[in-house]
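J.: Can you keep this structure in mind? I'll have questions shortly.
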Amino acid sequence: MTVTDLAPSATSAAMSAPRRRGRGPASRRQLTAWLFLTPALVVLVAFTLYPMAQAVYLSLTNYNLISAAEWIGLDNYVELAGDPAFWNAFWNTVLYAVVVAPVTVVLALVFAVMLNQAFFGRTFVRTAIFLPFIVSLGIIAIAWSFLLDPNIGLLSYWFGQLGIVTEQGWLSDPRFAMPAVMMVGVWKFVGFYMVIYLAGLQSIPAELYEAAKIDGTTAWQRFRNVTLPLLSNQTLLVSVLALIATLQAFDQIYVMTRGGPYFKTETLVMLIYREGFQELRFGYASAISFVLLLFVFALSMIQYGWLRRRAVTY
């Protein structure tokens, strides 16, 4: 038997042997991606997912930070259903969101359209409107508390000159406390949403407006049929952000009114703070926070679906 006789059998054996598959470029890219994502995932699990799971567990217990948690099942949620303080905070939260979110979004759009035009001092006006957003809301609330002070407040003096007078002070009068904190919320966030709208306006091709002018359309028709449809994505983003922010209102309310007077400005987040850190009812506060989470999620999904359908119809 010669070497040539052995060659075919050796070749077939080599072909039948399993090939060692090396790691391809796609697998290496996936491994690299997971390595880069791992630190962020660890932070997400440690500081978001785990606290959420722990809050859900605490909502099913009677925990006061002193003794061990006692499992009570759904008793906290049953208590919520008949708690007047919860429903008062719930409707205060709804009122705050229903007023502040639409007003902020509309004002942001109006300011963006106005400041998208060229005029002297435009940069200064843009900066002045956006500046409150980068300042701490607590600091803003302290400043507004002084401005609305009935004795030394400049705004209180101006309102008095207009005949709008309150003997108790704006933040101590049940009629004006909620409008006062609403005004601060609008003033804080309108600049941020305005910038988002400005970015959208500057991405709209000028040729569309020129074609609309040639067709003889008015300024309102161009705004209605060109600007608004092409800002649908920005409107969706701004509306969802505004709704979430208003449903979580806390900072200026805590600084300016502490939920008063007579719980007229106590929102759900304020109630969570009071029940958890003042009454030490952490299980009950966790139940409120979980209900708020579900409420925010449900409203956000409804708002997202409605705005997406409107965007498709344009």
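Labels used: A, B, ... for chains in the order of the structure tokens, numbers from 1 for residues in each chain, and numbers from 1 for ligands as shown.
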Once DSSP has gone over the backbone, tell me which residues of stretch 41-282 of chain A are in strand (DSSP E or B), as an NGL selection string.

T.: :A and (61-62 or 70-71)

J.: Keeping N, CA, C and O atoms for every residue in the selection just given, could you write it to a file as a short mmCIF file (atom, residue, chain, number, x, y, z; two decimals), in the first residue's frame?

T.:
data_model
loop_
_atom_site.label_atom_id
_atom_site.label_comp_id
_atom_site.auth_asym_id
_atom_site.auth_seq_id
_atom_site.Cartn_x
_atom_site.Cartn_y
_atom_site.Cartn_z
N THR A 61 -46.67 45.01 54.35
CA THR A 61 -46.27 44.80 55.74
C THR A 61 -46.64 46.02 56.57
O THR A 61 -47.01 47.08 56.05
N ASN A 62 -46.52 45.86 57.87
CA ASN A 62 -46.67 46.96 58.82
C ASN A 62 -45.29 47.25 59.38
O ASN A 62 -44.86 46.63 60.37
N GLU A 70 -44.03 43.38 59.82
CA GLU A 70 -45.08 42.39 60.07
C GLU A 70 -45.94 42.25 58.83
O GLU A 70 -46.51 43.22 58.33
N TRP A 71 -46.03 41.02 58.32
CA TRP A 71 -46.80 40.78 57.11
C TRP A 71 -48.29 40.95 57.38
O TRP A 71 -48.86 40.31 58.26
#

J.: I'd like the neighbourhood of A:Tyr209 as an MDAnalysis selection string, where a residue qualifies if any of its atoms comes within 9 Å (using only C-alpha atoms), though same-chain residues fewer than 5 positions away should be ignored.

T.: chainID A and resid 204 214 222 226:227

J.: Do a neighbour search on stretch 96-106 of chain A at 10 Å with only C-alpha atoms, toss out local chain neighbours closer than 4 positions, and write the hits as a VMD selection string.

T.: chain A and resid 90 to 92 110 to 112 178 to 179 181 to 194 197 235 238 to 249 265 267

J.: Identify, on the basis of only C-alpha atoms, every residue whose closest approach to A:Ile72 does not exceed 12 Å; exclude the query and any residue fewer than 4 positions from it along the same chain; express the result as a list in words.

T.: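 Counting only the stated atoms, we get Tyr57, Leu58, Ser59, Leu60, Thr61, Asn62, Tyr63, Asn76, Tyr77, Val78, Glu79, Gly283, Tyr284 and Ala287 of chain A.
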
J.: Output N, CA and C atoms for every residue in that selection, as a short mmCIF file (atom, residue, chain, number, x, y, z; two decimals), in the first residue's frame.

T.:
data_model
loop_
_atom_site.label_atom_id
_atom_site.label_comp_id
_atom_site.auth_asym_id
_atom_site.auth_seq_id
_atom_site.Cartn_x
_atom_site.Cartn_y
_atom_site.Cartn_z
N TYR A 57 -42.78 44.92 48.59
CA TYR A 57 -42.83 44.04 49.76
C TYR A 57 -43.26 44.82 51.00
N LEU A 58 -42.68 46.01 51.22
CA LEU A 58 -43.03 46.80 52.40
C LEU A 58 -44.49 47.22 52.37
N SER A 59 -45.06 47.41 51.17
CA SER A 59 -46.46 47.82 51.09
C SER A 59 -47.39 46.73 51.60
N LEU A 60 -46.88 45.52 51.72
CA LEU A 60 -47.68 44.40 52.23
C LEU A 60 -47.37 44.10 53.68
N THR A 61 -46.67 45.01 54.35
CA THR A 61 -46.27 44.80 55.74
C THR A 61 -46.64 46.02 56.57
N ASN A 62 -46.52 45.86 57.87
CA ASN A 62 -46.67 46.96 58.82
C ASN A 62 -45.29 47.25 59.38
N TYR A 63 -44.57 48.18 58.77
CA TYR A 63 -43.17 48.44 59.11
C TYR A 63 -43.04 49.88 59.58
N ASN A 76 -53.00 47.40 53.89
CA ASN A 76 -52.67 48.80 53.61
C ASN A 76 -53.49 49.34 52.44
N TYR A 77 -53.68 48.50 51.42
CA TYR A 77 -54.45 48.95 50.26
C TYR A 77 -55.94 49.07 50.61
N VAL A 78 -56.43 48.19 51.48
CA VAL A 78 -57.82 48.30 51.93
C VAL A 78 -58.00 49.58 52.74
N GLU A 79 -57.01 49.92 53.56
CA GLU A 79 -57.09 51.16 54.33
C GLU A 79 -57.05 52.38 53.42
N GLY A 283 -44.76 51.02 55.70
CA GLY A 283 -45.57 50.11 54.91
C GLY A 283 -46.72 50.80 54.21
N TYR A 284 -47.40 51.66 54.94
CA TYR A 284 -48.52 52.42 54.36
C TYR A 284 -48.02 53.40 53.31
N ALA A 287 -47.33 51.60 50.15
CA ALA A 287 -48.56 51.29 49.41
C ALA A 287 -49.03 52.50 48.61
#

J.: I'd like the interatomic distance between atom CA of A:Leu237 and atom CA of A:Ser300, to a tenth of an Å.

T.: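 Pair atom CA of A:Leu237 / atom CA of A:Ser300 returns 10.6 Å.
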
J.: Quick one: of A:Val125, A:Arg281, A:Leu109, A:Ala55, who's nearest to A:Phe223, counting only C-alpha atoms?

T.: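 Distance minimum relative to A:Phe223 lands on A:Leu109.
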